[in-house]
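Raw target_27.txt, compact mmCIF, C-alpha atoms and all ligand atoms:
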```
# COMPACT_ATOMS: atom_id res chain seq x y z
CA MET A 5 -115.29 -61.06 24.31
CA SER A 6 -113.17 -61.27 21.19
CA THR A 7 -110.50 -63.90 20.95
CA LEU A 8 -107.09 -62.91 19.70
CA PRO A 9 -105.79 -65.14 16.93
CA LEU A 10 -102.84 -67.16 18.22
CA ALA A 11 -99.71 -66.23 16.30
CA PRO A 12 -97.96 -69.50 15.43
CA ARG A 13 -94.59 -69.92 17.11
CA GLY A 14 -91.60 -71.65 15.63
CA VAL A 15 -88.50 -71.25 13.53
CA LEU A 16 -90.27 -71.46 10.16
CA TYR A 17 -92.65 -68.64 11.14
CA HIS A 18 -90.36 -66.33 13.05
CA TRP A 19 -87.31 -66.61 10.79
CA ALA A 20 -88.88 -67.28 7.39
CA GLU A 21 -87.12 -64.34 5.76
CA VAL A 22 -83.64 -65.64 6.63
CA LEU A 23 -84.34 -69.28 5.66
CA PRO A 24 -84.39 -70.92 2.21
CA LEU A 25 -88.15 -71.50 2.20
CA THR A 26 -90.52 -71.46 -0.77
CA GLU A 27 -94.30 -71.19 -0.99
CA GLN A 28 -94.34 -74.99 -1.16
CA THR A 29 -92.36 -75.52 2.06
CA PRO A 30 -94.86 -76.77 4.67
CA ARG A 31 -94.84 -74.48 7.72
CA ILE A 32 -94.54 -77.22 10.32
CA THR A 33 -93.77 -76.47 13.97
CA LEU A 34 -93.58 -78.00 17.40
CA GLY A 35 -92.94 -74.55 18.90
CA GLU A 36 -89.14 -74.75 18.55
CA GLY A 37 -86.81 -71.77 18.97
CA ASP A 38 -87.37 -68.52 20.88
CA THR A 39 -85.54 -70.06 23.84
CA PRO A 40 -84.74 -68.12 27.03
CA LEU A 41 -81.49 -66.22 27.49
CA VAL A 42 -80.89 -65.97 31.23
CA ARG A 43 -78.12 -64.18 33.12
CA SER A 44 -75.80 -66.13 35.38
CA VAL A 45 -76.27 -65.49 39.08
CA ALA A 46 -73.33 -67.46 40.43
CA LEU A 47 -70.59 -68.38 37.96
CA GLU A 48 -69.99 -65.09 36.13
CA ARG A 49 -67.15 -63.82 38.39
CA GLU A 50 -65.41 -67.16 38.56
CA CYS A 51 -65.37 -67.19 34.77
CA GLY A 52 -63.71 -63.74 34.82
CA LEU A 53 -66.60 -62.20 32.89
CA ASP A 54 -68.59 -58.99 33.28
CA GLU A 55 -71.65 -60.76 31.96
CA LEU A 56 -72.40 -64.44 31.43
CA TRP A 57 -75.63 -65.44 29.78
CA PHE A 58 -77.02 -68.92 29.22
CA LYS A 59 -79.01 -69.72 26.09
CA LEU A 60 -81.41 -72.44 27.21
CA GLU A 61 -81.61 -74.62 24.13
CA SER A 62 -82.78 -77.34 26.51
CA CYS A 63 -86.19 -75.59 26.32
CA ASN A 64 -86.81 -76.74 22.74
CA PRO A 65 -89.69 -79.21 22.24
CA THR A 66 -87.57 -82.38 22.36
CA GLY A 67 -85.13 -80.89 24.88
CA SER A 68 -82.19 -79.97 22.65
CA PHE A 69 -81.15 -77.43 19.99
CA LYS A 70 -81.47 -80.12 17.32
CA ASP A 71 -85.12 -79.10 16.83
CA ARG A 72 -84.14 -75.76 15.25
CA GLY A 73 -82.40 -77.42 12.34
CA MET A 74 -84.60 -80.49 12.20
CA VAL A 75 -87.77 -78.50 11.57
CA VAL A 76 -86.17 -76.98 8.47
CA ALA A 77 -84.63 -80.27 7.26
CA VAL A 78 -87.91 -82.16 7.67
CA ALA A 79 -89.99 -79.40 6.05
CA LYS A 80 -87.64 -79.41 3.05
CA ALA A 81 -87.75 -83.23 2.92
CA VAL A 82 -91.56 -83.11 2.83
CA GLU A 83 -91.42 -80.38 0.19
CA SER A 84 -89.21 -82.58 -1.99
CA GLY A 85 -91.67 -85.48 -1.69
CA ALA A 86 -89.70 -87.66 0.74
CA ARG A 87 -91.68 -90.32 2.63
CA ALA A 88 -88.90 -91.28 5.02
CA ILE A 89 -85.92 -89.76 6.83
CA MET A 90 -82.78 -91.26 8.37
CA CYS A 91 -80.08 -90.09 10.74
CA ALA A 92 -77.12 -91.36 12.69
CA SER A 93 -77.24 -90.08 16.22
CA THR A 94 -75.69 -89.91 19.66
CA GLY A 95 -79.31 -89.50 20.80
CA ASN A 96 -80.63 -85.98 20.39
CA THR A 97 -80.73 -85.92 16.60
CA SER A 98 -82.77 -89.13 16.64
CA ALA A 99 -85.16 -87.76 19.29
CA SER A 100 -85.73 -84.66 17.18
CA ALA A 101 -85.96 -86.46 13.83
CA ALA A 102 -88.42 -88.94 15.29
CA ALA A 103 -90.65 -86.17 16.67
CA TYR A 104 -90.89 -84.19 13.43
CA ALA A 105 -91.30 -87.38 11.40
CA ALA A 106 -94.23 -88.37 13.62
CA ARG A 107 -95.70 -84.90 13.17
CA CYS A 108 -95.44 -85.14 9.37
CA GLY A 109 -96.38 -88.80 8.93
CA LEU A 110 -92.92 -89.81 7.69
CA ASP A 111 -91.09 -93.02 8.46
CA CYS A 112 -87.99 -92.40 10.58
CA TYR A 113 -84.92 -94.62 10.74
CA VAL A 114 -82.27 -93.91 13.34
CA LEU A 115 -78.81 -95.47 13.59
CA VAL A 116 -77.39 -95.27 17.10
CA PRO A 117 -74.14 -96.56 18.61
CA GLY A 118 -75.07 -99.60 20.70
CA GLY A 119 -75.20 -98.97 24.45
CA LYS A 120 -73.95 -95.36 24.22
CA VAL A 121 -77.18 -93.38 24.02
CA ALA A 122 -78.54 -91.76 27.20
CA ALA A 123 -81.76 -93.37 28.48
CA GLY A 124 -84.03 -90.34 28.03
CA LYS A 125 -83.04 -89.98 24.39
CA MET A 126 -83.72 -93.65 23.70
CA ALA A 127 -87.11 -93.24 25.41
CA GLN A 128 -87.91 -90.38 23.01
CA ALA A 129 -86.92 -92.27 19.85
CA ILE A 130 -89.07 -95.19 21.05
CA ALA A 131 -92.06 -93.04 22.05
CA TYR A 132 -92.17 -91.14 18.75
CA GLY A 133 -92.24 -94.48 16.94
CA SER A 134 -88.98 -94.43 15.01
CA ARG A 135 -87.33 -97.55 13.71
CA ILE A 136 -84.13 -97.88 15.74
CA ILE A 137 -81.07 -99.70 14.48
CA GLU A 138 -78.34 -100.16 17.09
CA VAL A 139 -75.06 -100.46 15.25
CA ASP A 140 -72.04 -102.28 16.53
CA GLY A 141 -69.75 -99.25 16.27
CA ASN A 142 -69.50 -95.59 17.25
CA PHE A 143 -71.31 -92.51 15.94
CA ASP A 144 -68.79 -91.96 13.15
CA ASP A 145 -69.38 -95.51 11.84
CA ALA A 146 -73.15 -94.96 12.04
CA LEU A 147 -72.92 -91.69 10.08
CA ASN A 148 -70.84 -93.33 7.36
CA ALA A 149 -73.49 -96.04 7.02
CA ALA A 150 -76.34 -93.49 6.99
CA ARG A 151 -74.67 -91.46 4.24
CA GLU A 152 -74.27 -94.53 2.04
CA LEU A 153 -77.77 -95.87 2.79
CA THR A 154 -79.47 -92.58 1.94
CA ALA A 155 -77.47 -92.36 -1.31
CA ARG A 156 -78.83 -95.80 -2.28
CA HIS A 157 -82.42 -95.60 -1.03
CA PRO A 158 -85.17 -92.94 -1.35
CA VAL A 159 -84.70 -91.67 2.19
CA ALA A 160 -83.66 -88.14 3.20
CA LEU A 161 -80.56 -87.81 5.41
CA VAL A 162 -81.23 -85.34 8.26
CA ASN A 163 -77.84 -85.22 9.96
CA SER A 164 -76.11 -81.83 10.12
CA VAL A 165 -74.38 -82.62 6.81
CA ASN A 166 -77.84 -81.66 5.49
CA PRO A 167 -77.42 -77.90 4.85
CA TYR A 168 -80.99 -77.16 6.02
CA ARG A 169 -79.99 -78.25 9.53
CA ILE A 170 -77.30 -75.55 9.63
CA GLN A 171 -79.76 -73.00 8.23
CA GLY A 172 -82.23 -73.70 11.02
CA GLN A 173 -79.63 -73.79 13.76
CA LYS A 174 -78.19 -70.39 12.76
CA THR A 175 -81.44 -68.79 13.99
CA ALA A 176 -80.19 -69.07 17.58
CA ALA A 177 -77.49 -66.50 16.76
CA TYR A 178 -80.19 -64.16 15.43
CA GLU A 179 -82.16 -64.61 18.65
CA ILE A 180 -79.13 -63.78 20.79
CA CYS A 181 -78.45 -60.58 18.80
CA GLU A 182 -82.12 -59.65 19.08
CA THR A 183 -82.28 -60.20 22.85
CA LEU A 184 -78.95 -58.56 23.75
CA GLY A 185 -79.23 -55.84 21.10
CA ASP A 186 -75.88 -56.98 19.67
CA ALA A 187 -73.67 -60.05 19.37
CA PRO A 188 -71.78 -60.96 22.57
CA ASP A 189 -67.98 -60.66 22.84
CA VAL A 190 -67.66 -64.40 23.34
CA LEU A 191 -69.75 -67.40 22.33
CA ALA A 192 -68.95 -70.60 24.25
CA ILE A 193 -70.28 -73.83 22.79
CA PRO A 194 -69.75 -77.58 23.09
CA VAL A 195 -68.47 -79.19 19.90
CA GLY A 196 -69.16 -82.72 18.70
CA ASN A 197 -69.95 -83.16 15.02
CA ALA A 198 -69.36 -79.38 14.73
CA GLY A 199 -72.57 -78.49 12.91
CA ASN A 200 -73.70 -76.13 15.66
CA ILE A 201 -70.54 -74.04 15.93
CA THR A 202 -70.65 -73.78 12.12
CA ALA A 203 -74.29 -72.66 12.25
CA TYR A 204 -73.74 -70.02 14.96
CA TRP A 205 -70.78 -68.56 13.09
CA LYS A 206 -72.89 -68.34 9.94
CA GLY A 207 -75.73 -66.71 11.89
CA PHE A 208 -73.50 -64.12 13.56
CA GLY A 209 -71.87 -63.33 10.21
CA GLU A 210 -75.27 -62.72 8.64
CA CYS A 211 -76.37 -60.57 11.58
CA ALA A 212 -73.28 -58.36 11.23
CA GLU A 213 -73.83 -58.10 7.49
CA VAL A 214 -77.39 -56.81 7.78
CA GLY A 215 -76.79 -54.56 10.80
CA ARG A 216 -78.43 -56.76 13.43
CA ALA A 217 -75.04 -56.76 15.20
CA THR A 218 -72.02 -54.46 15.28
CA LEU A 219 -69.46 -57.12 16.21
CA HIS A 220 -68.52 -60.74 15.66
CA PRO A 221 -68.12 -62.85 18.80
CA ARG A 222 -64.96 -64.78 19.53
CA MET A 223 -66.00 -68.41 19.12
CA LEU A 224 -64.79 -70.68 21.94
CA GLY A 225 -65.53 -74.32 21.17
CA PHE A 226 -65.03 -77.01 23.79
CA GLN A 227 -64.61 -80.73 23.17
CA ALA A 228 -64.33 -83.52 25.71
CA ALA A 229 -60.69 -84.51 26.23
CA GLY A 230 -61.44 -88.11 25.20
CA ALA A 231 -63.07 -86.96 21.96
CA ALA A 232 -61.11 -83.88 20.88
CA PRO A 233 -60.05 -84.34 17.24
CA LEU A 234 -60.38 -80.62 16.51
CA VAL A 235 -57.87 -79.92 19.29
CA SER A 236 -55.33 -82.57 18.28
CA GLY A 237 -55.89 -82.07 14.56
CA VAL A 238 -56.42 -85.77 13.85
CA PRO A 239 -59.52 -88.01 14.01
CA VAL A 240 -59.94 -90.03 17.21
CA PRO A 241 -60.69 -93.69 16.36
CA GLU A 242 -62.15 -94.59 19.78
CA PRO A 243 -63.71 -91.44 21.23
CA ASN A 244 -64.81 -91.67 24.83
CA THR A 245 -66.45 -89.30 27.32
CA VAL A 246 -69.30 -89.11 29.82
CA ALA A 247 -70.71 -86.38 27.53
CA THR A 248 -72.19 -88.85 25.04
CA ALA A 249 -73.70 -86.11 22.83
CA ILE A 250 -70.17 -85.03 21.86
CA ARG A 251 -68.62 -88.48 21.75
CA ILE A 252 -67.52 -88.04 18.14
CA GLY A 253 -64.10 -88.81 16.69
CA ASN A 254 -64.31 -87.39 13.17
CA PRO A 255 -66.62 -84.34 12.98
CA ALA A 256 -68.51 -83.96 9.70
CA SER A 257 -68.27 -80.15 9.87
CA TRP A 258 -64.53 -80.14 10.59
CA GLY A 259 -63.84 -77.31 8.15
CA GLY A 260 -66.74 -75.22 9.47
CA ALA A 261 -65.43 -75.46 13.03
CA ILE A 262 -61.87 -74.51 12.07
CA GLY A 263 -63.23 -71.64 9.97
CA ALA A 264 -65.31 -70.34 12.90
CA ARG A 265 -62.30 -70.61 15.19
CA ASP A 266 -59.83 -68.87 12.90
CA GLU A 267 -62.06 -66.19 11.40
CA SER A 268 -63.32 -65.19 14.87
CA GLY A 269 -59.93 -65.23 16.59
CA GLY A 270 -61.28 -67.91 18.91
CA SER A 271 -60.15 -71.37 19.96
CA ILE A 272 -61.25 -74.98 20.24
CA GLU A 273 -59.98 -76.57 23.43
CA ALA A 274 -60.47 -79.70 25.51
CA VAL A 275 -62.05 -80.11 28.93
CA THR A 276 -61.73 -83.31 30.96
CA ASP A 277 -64.71 -85.39 32.07
CA GLU A 278 -63.95 -84.27 35.65
CA GLU A 279 -64.20 -80.62 34.59
CA ILE A 280 -67.40 -81.33 32.65
CA LEU A 281 -69.00 -83.04 35.64
CA GLU A 282 -67.94 -80.23 38.00
CA ALA A 283 -69.62 -77.66 35.73
CA TYR A 284 -72.62 -80.00 35.42
CA ARG A 285 -73.02 -80.04 39.21
CA LEU A 286 -72.41 -76.28 39.61
CA LEU A 287 -74.96 -75.38 36.94
CA ALA A 288 -77.65 -77.35 38.73
CA ALA A 289 -76.74 -76.48 42.33
CA ARG A 290 -75.87 -72.79 41.89
CA GLU A 291 -77.70 -71.64 38.76
CA GLY A 292 -80.78 -73.88 38.88
CA LEU A 293 -79.95 -75.21 35.42
CA PHE A 294 -80.08 -78.96 34.93
CA VAL A 295 -78.39 -79.71 31.64
CA GLU A 296 -76.87 -82.77 30.08
CA PRO A 297 -73.12 -83.32 30.47
CA ALA A 298 -72.27 -82.22 26.89
CA SER A 299 -73.87 -78.84 27.55
CA ALA A 300 -71.77 -78.38 30.68
CA ALA A 301 -68.59 -78.71 28.60
CA CYS A 302 -68.73 -75.08 27.46
CA VAL A 303 -69.22 -73.82 31.01
CA ALA A 304 -66.34 -76.05 32.14
CA GLY A 305 -64.26 -74.32 29.49
CA LEU A 306 -65.24 -70.82 30.63
CA LEU A 307 -64.45 -71.77 34.25
CA GLN A 308 -61.08 -73.14 33.14
CA HIS A 309 -60.30 -69.87 31.33
CA GLY A 310 -61.49 -67.73 34.26
CA ARG A 311 -59.51 -69.63 36.88
CA ALA A 312 -56.36 -69.47 34.74
CA GLY A 313 -56.77 -65.68 34.47
CA ARG A 314 -57.20 -65.92 30.72
CA THR A 315 -60.47 -63.93 30.63
CA ARG A 316 -60.58 -60.14 30.97
CA GLY A 317 -64.23 -59.26 31.40
CA GLY A 318 -66.63 -58.85 28.53
CA ARG A 319 -69.96 -60.42 27.78
CA ALA A 320 -70.24 -64.12 27.01
CA VAL A 321 -73.10 -66.39 26.01
CA ALA A 322 -72.85 -70.11 26.78
CA ILE A 323 -75.04 -72.45 24.77
CA LEU A 324 -76.76 -74.97 27.03
CA THR A 325 -77.53 -77.46 24.29
CA GLY A 326 -79.62 -80.14 26.00
CA ASN A 327 -81.80 -80.96 29.00
CA GLY A 328 -80.46 -82.84 32.03
CA LEU A 329 -83.53 -85.10 32.08
CA LYS A 330 -82.19 -86.83 28.99
CA ASP A 331 -79.45 -88.54 30.96
CA PRO A 332 -80.89 -89.65 34.30
CA ASP A 333 -78.17 -92.26 34.83
CA THR A 334 -75.40 -89.65 34.93
CA ALA A 335 -77.48 -87.48 37.26
CA ILE A 336 -78.07 -90.33 39.69
CA ALA A 337 -74.39 -91.26 39.60
CA GLU A 338 -73.05 -87.71 39.96
CA TYR A 339 -75.29 -85.88 42.39
CA VAL A 340 -75.20 -86.79 46.07
CA PRO A 341 -78.85 -87.41 46.93
CA ASN A 342 -80.04 -85.81 50.15
CA ILE A 343 -82.75 -88.29 51.08
CA THR A 344 -83.96 -89.31 54.55
CA LYS A 345 -86.73 -91.85 55.11
CA SER A 346 -89.60 -90.85 57.37
CA SER A 347 -93.04 -91.92 58.49
CA ALA A 348 -95.84 -89.91 56.82
CA THR A 349 -96.46 -87.82 59.94
CA VAL A 350 -95.60 -84.26 60.94
CA ALA A 351 -93.57 -85.54 63.85
CA GLY A 352 -91.72 -88.00 61.62
CA VAL A 353 -90.79 -85.37 59.02
CA GLU A 354 -89.74 -82.93 61.76
CA ARG A 355 -87.48 -85.61 63.20
CA ALA A 356 -86.05 -86.36 59.76
CA LEU A 357 -85.32 -82.66 59.22
CA GLY A 358 -83.86 -82.25 62.70
CA TRP A 359 -86.40 -79.52 63.57
C1 LIG A 401 -75.63 -82.52 19.14
C2 LIG A 401 -75.25 -81.99 20.48
C3 LIG A 401 -74.03 -81.31 20.72
C4 LIG A 401 -72.98 -81.15 19.67
O1 LIG A 401 -73.37 -80.39 18.57
P1 LIG A 401 -72.60 -80.56 17.19
O2 LIG A 401 -73.36 -79.78 16.22
O3 LIG A 401 -72.60 -82.04 16.89
O4 LIG A 401 -71.21 -80.07 17.42
C5 LIG A 401 -73.81 -80.79 21.96
N1 LIG A 401 -74.69 -80.94 22.97
C6 LIG A 401 -75.85 -81.59 22.79
C7 LIG A 401 -76.78 -81.73 23.93
C8 LIG A 401 -76.16 -82.14 21.54
O5 LIG A 401 -77.32 -82.79 21.39
```
How would this structure read if it were set down as structure tokens?
Amino acid sequence: MSTLPLAPRGVLYHWAEVLPLTEQTPRITLGEGDTPLVRSVALERECGLDELWFKLESCNPTGSFKDRGMVVAVAKAVESGARAIMCASTGNTSASAAAYAARCGLDCYVLVPGGKVAAGKMAQAIAYGSRIIEVDGNFDDALNAARELTARHPVALVNSVNPYRIQGQKTAAYEICETLGDAPDVLAIPVGNAGNITAYWKGFGECAEVGRATLHPRMLGFQAAGAAPLVSGVPVPEPNTVATAIRIGNPASWGGAIGARDESGGSIEAVTDEEILEAYRLLAAREGLFVEPASAACVAGLLQHGRAGRTRGGRAVAILTGNGLKDPDTAIAEYVPNITKSSATVAGVERALGW
């Protein structure tokens, strides 16, 4: 029996022709990208849509979309001779950076806001062996420090201010156009540091340019009400929300987000923590999708629009950015557990079930 050669998966293989790679760029991969696009079975109508699709970025190797951009940023860092990388992070960037650094034998330094990173993400940064510095400040303070540190020391900065991150993340827009056969009418996405909305808009623009899509989606960005500088128009000095991945007061890609909003005829709006947690529960209970709170923000926004009668059909894609397992504390606090104790006997379990 002949064995078929395994085609390597991953963003650097699949999307090489749309990325700034050279012969010298190492083709590293953890199998990122090529994530499922699944149709909503329960929330479509309530959102006022003809079609609602979920892009499961939670299925990336470290459980968030950050892997798409990180694989490019780390490959380019290795290509340029870097021995170490650094990032500031609300958790997922550090998990991803730490994984690819481990893969490539680089040192990884992560700056995280003390006490504000979800437990699963901390577990990842620890397991992959990164050097973790907990700063006494928020994400914005940590990013300022990381920018200055990487300007002074021979360490590559892998936050989304690194243009290779945006390049890698834009590949999700290509995948959506490929799967649906065109761009959707609406793209709903949570917005924190605003690199991802910037990347999707770039990706959809490129797809339209080369005939992979016939339309540009309306970009609907959603921020948490306690961390919504792009809605108010001014930085938020003390951002706060249960959705820690978007707990950011002064987005680095501010201009990119406003450009995506205005050029697409879209909007960037706020959803409350209550709305986020409602969408978080509905996604798990009615769609079978366990995501982290930040990811639920975009579905909360679509529900808000649908209930207010602001949506008139069409096809939308919601980006589910990260896996629910990353934040077990919120899950345990927010879901009502349905647990009954029983003896380990058939009769005992029948009694517990009321059968
Ligand atoms: C990073 C992140 C976001 C926000 O993306 P930005 O590019 O910072 O706007 C949203 N959700 C999750 C799960 C994230 O990890």
Within 8 Å of ligand LIG 401 (chain A) (counting all atoms listed in the file), which residues show up? I'd like them as an mmCIF file with C-alpha atoms, keeping the file's coordinate frame.
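So the final result, stored in part.cif, reads:
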```cif
data_model
loop_
_atom_site.group_PDB
_atom_site.id
_atom_site.type_symbol
_atom_site.label_atom_id
_atom_site.label_comp_id
_atom_site.auth_asym_id
_atom_site.auth_seq_id
_atom_site.Cartn_x
_atom_site.Cartn_y
_atom_site.Cartn_z
ATOM 1 C CA SER A 62 -82.780 -77.340 26.510
ATOM 2 C CA SER A 68 -82.190 -79.970 22.650
ATOM 3 C CA PHE A 69 -81.150 -77.430 19.990
ATOM 4 C CA LYS A 70 -81.470 -80.120 17.320
ATOM 5 C CA THR A 94 -75.690 -89.910 19.660
ATOM 6 C CA GLY A 95 -79.310 -89.500 20.800
ATOM 7 C CA ASN A 96 -80.630 -85.980 20.390
ATOM 8 C CA THR A 97 -80.730 -85.920 16.600
ATOM 9 C CA SER A 164 -76.110 -81.830 10.120
ATOM 10 C CA ILE A 193 -70.280 -73.830 22.790
ATOM 11 C CA PRO A 194 -69.750 -77.580 23.090
ATOM 12 C CA VAL A 195 -68.470 -79.190 19.900
ATOM 13 C CA GLY A 196 -69.160 -82.720 18.700
ATOM 14 C CA ASN A 197 -69.950 -83.160 15.020
ATOM 15 C CA ALA A 198 -69.360 -79.380 14.730
ATOM 16 C CA GLY A 199 -72.570 -78.490 12.910
ATOM 17 C CA ASN A 200 -73.700 -76.130 15.660
ATOM 18 C CA ILE A 201 -70.540 -74.040 15.930
ATOM 19 C CA THR A 202 -70.650 -73.780 12.120
ATOM 20 C CA ALA A 249 -73.700 -86.110 22.830
ATOM 21 C CA ILE A 250 -70.170 -85.030 21.860
ATOM 22 C CA ILE A 252 -67.520 -88.040 18.140
ATOM 23 C CA PRO A 255 -66.620 -84.340 12.980
ATOM 24 C CA GLU A 296 -76.870 -82.770 30.080
ATOM 25 C CA PRO A 297 -73.120 -83.320 30.470
ATOM 26 C CA ALA A 298 -72.270 -82.220 26.890
ATOM 27 C CA SER A 299 -73.870 -78.840 27.550
ATOM 28 C CA LEU A 324 -76.760 -74.970 27.030
ATOM 29 C CA THR A 325 -77.530 -77.460 24.290
ATOM 30 C CA GLY A 326 -79.620 -80.140 26.000
ATOM 31 C CA ASN A 327 -81.800 -80.960 29.000
#
```
**Request:** Do a neighbour search on A:Leu161 at 10 Å with only C-alpha atoms, toss out local chain neighbours closer than 6 positions, and write the hits as number ranges by chain.
**Result:** A: 77-78, 81, 88-92, 113, 147, 150-155
Report as AutoDock Vina command-line options the centre and the edge lengths, in Å to one decimal, of the axis-aligned box holding every listed atom of stretch 323-334 of chain A, padded by 6 Å on each side.
```
--center_x -79.3 --center_y -82.4 --center_z 29.6 --size_x 20.5 --size_y 31.8 --size_z 22.6
```
Closest-contact table, stretch 32-94 of chain A side, partner stretch 276-292 of chain A, 7 Å, counting only C-alpha atoms, as a Markdown table:
```
| residue | atom | partner | partner_atom | distance |
| --- | --- | --- | --- | --- |
| A:Ser44 | CA | A:Glu291 | CA | 6.7 |
| A:Val45 | CA | A:Glu291 | CA | 6.3 |
| A:Ala46 | CA | A:Arg290 | CA | 6.1 |
```
**Message:** Set the distance at 12 Å and use all atoms listed in the file: which residues neighbour A:Asp140 once local chain neighbours fewer than 6 positions away are removed? I'd like the list as a list in words.
**Reply:** Leu115, Val116, Pro117, Gly118, Gly119, Lys120, Ala146 and Ala149 of chain A
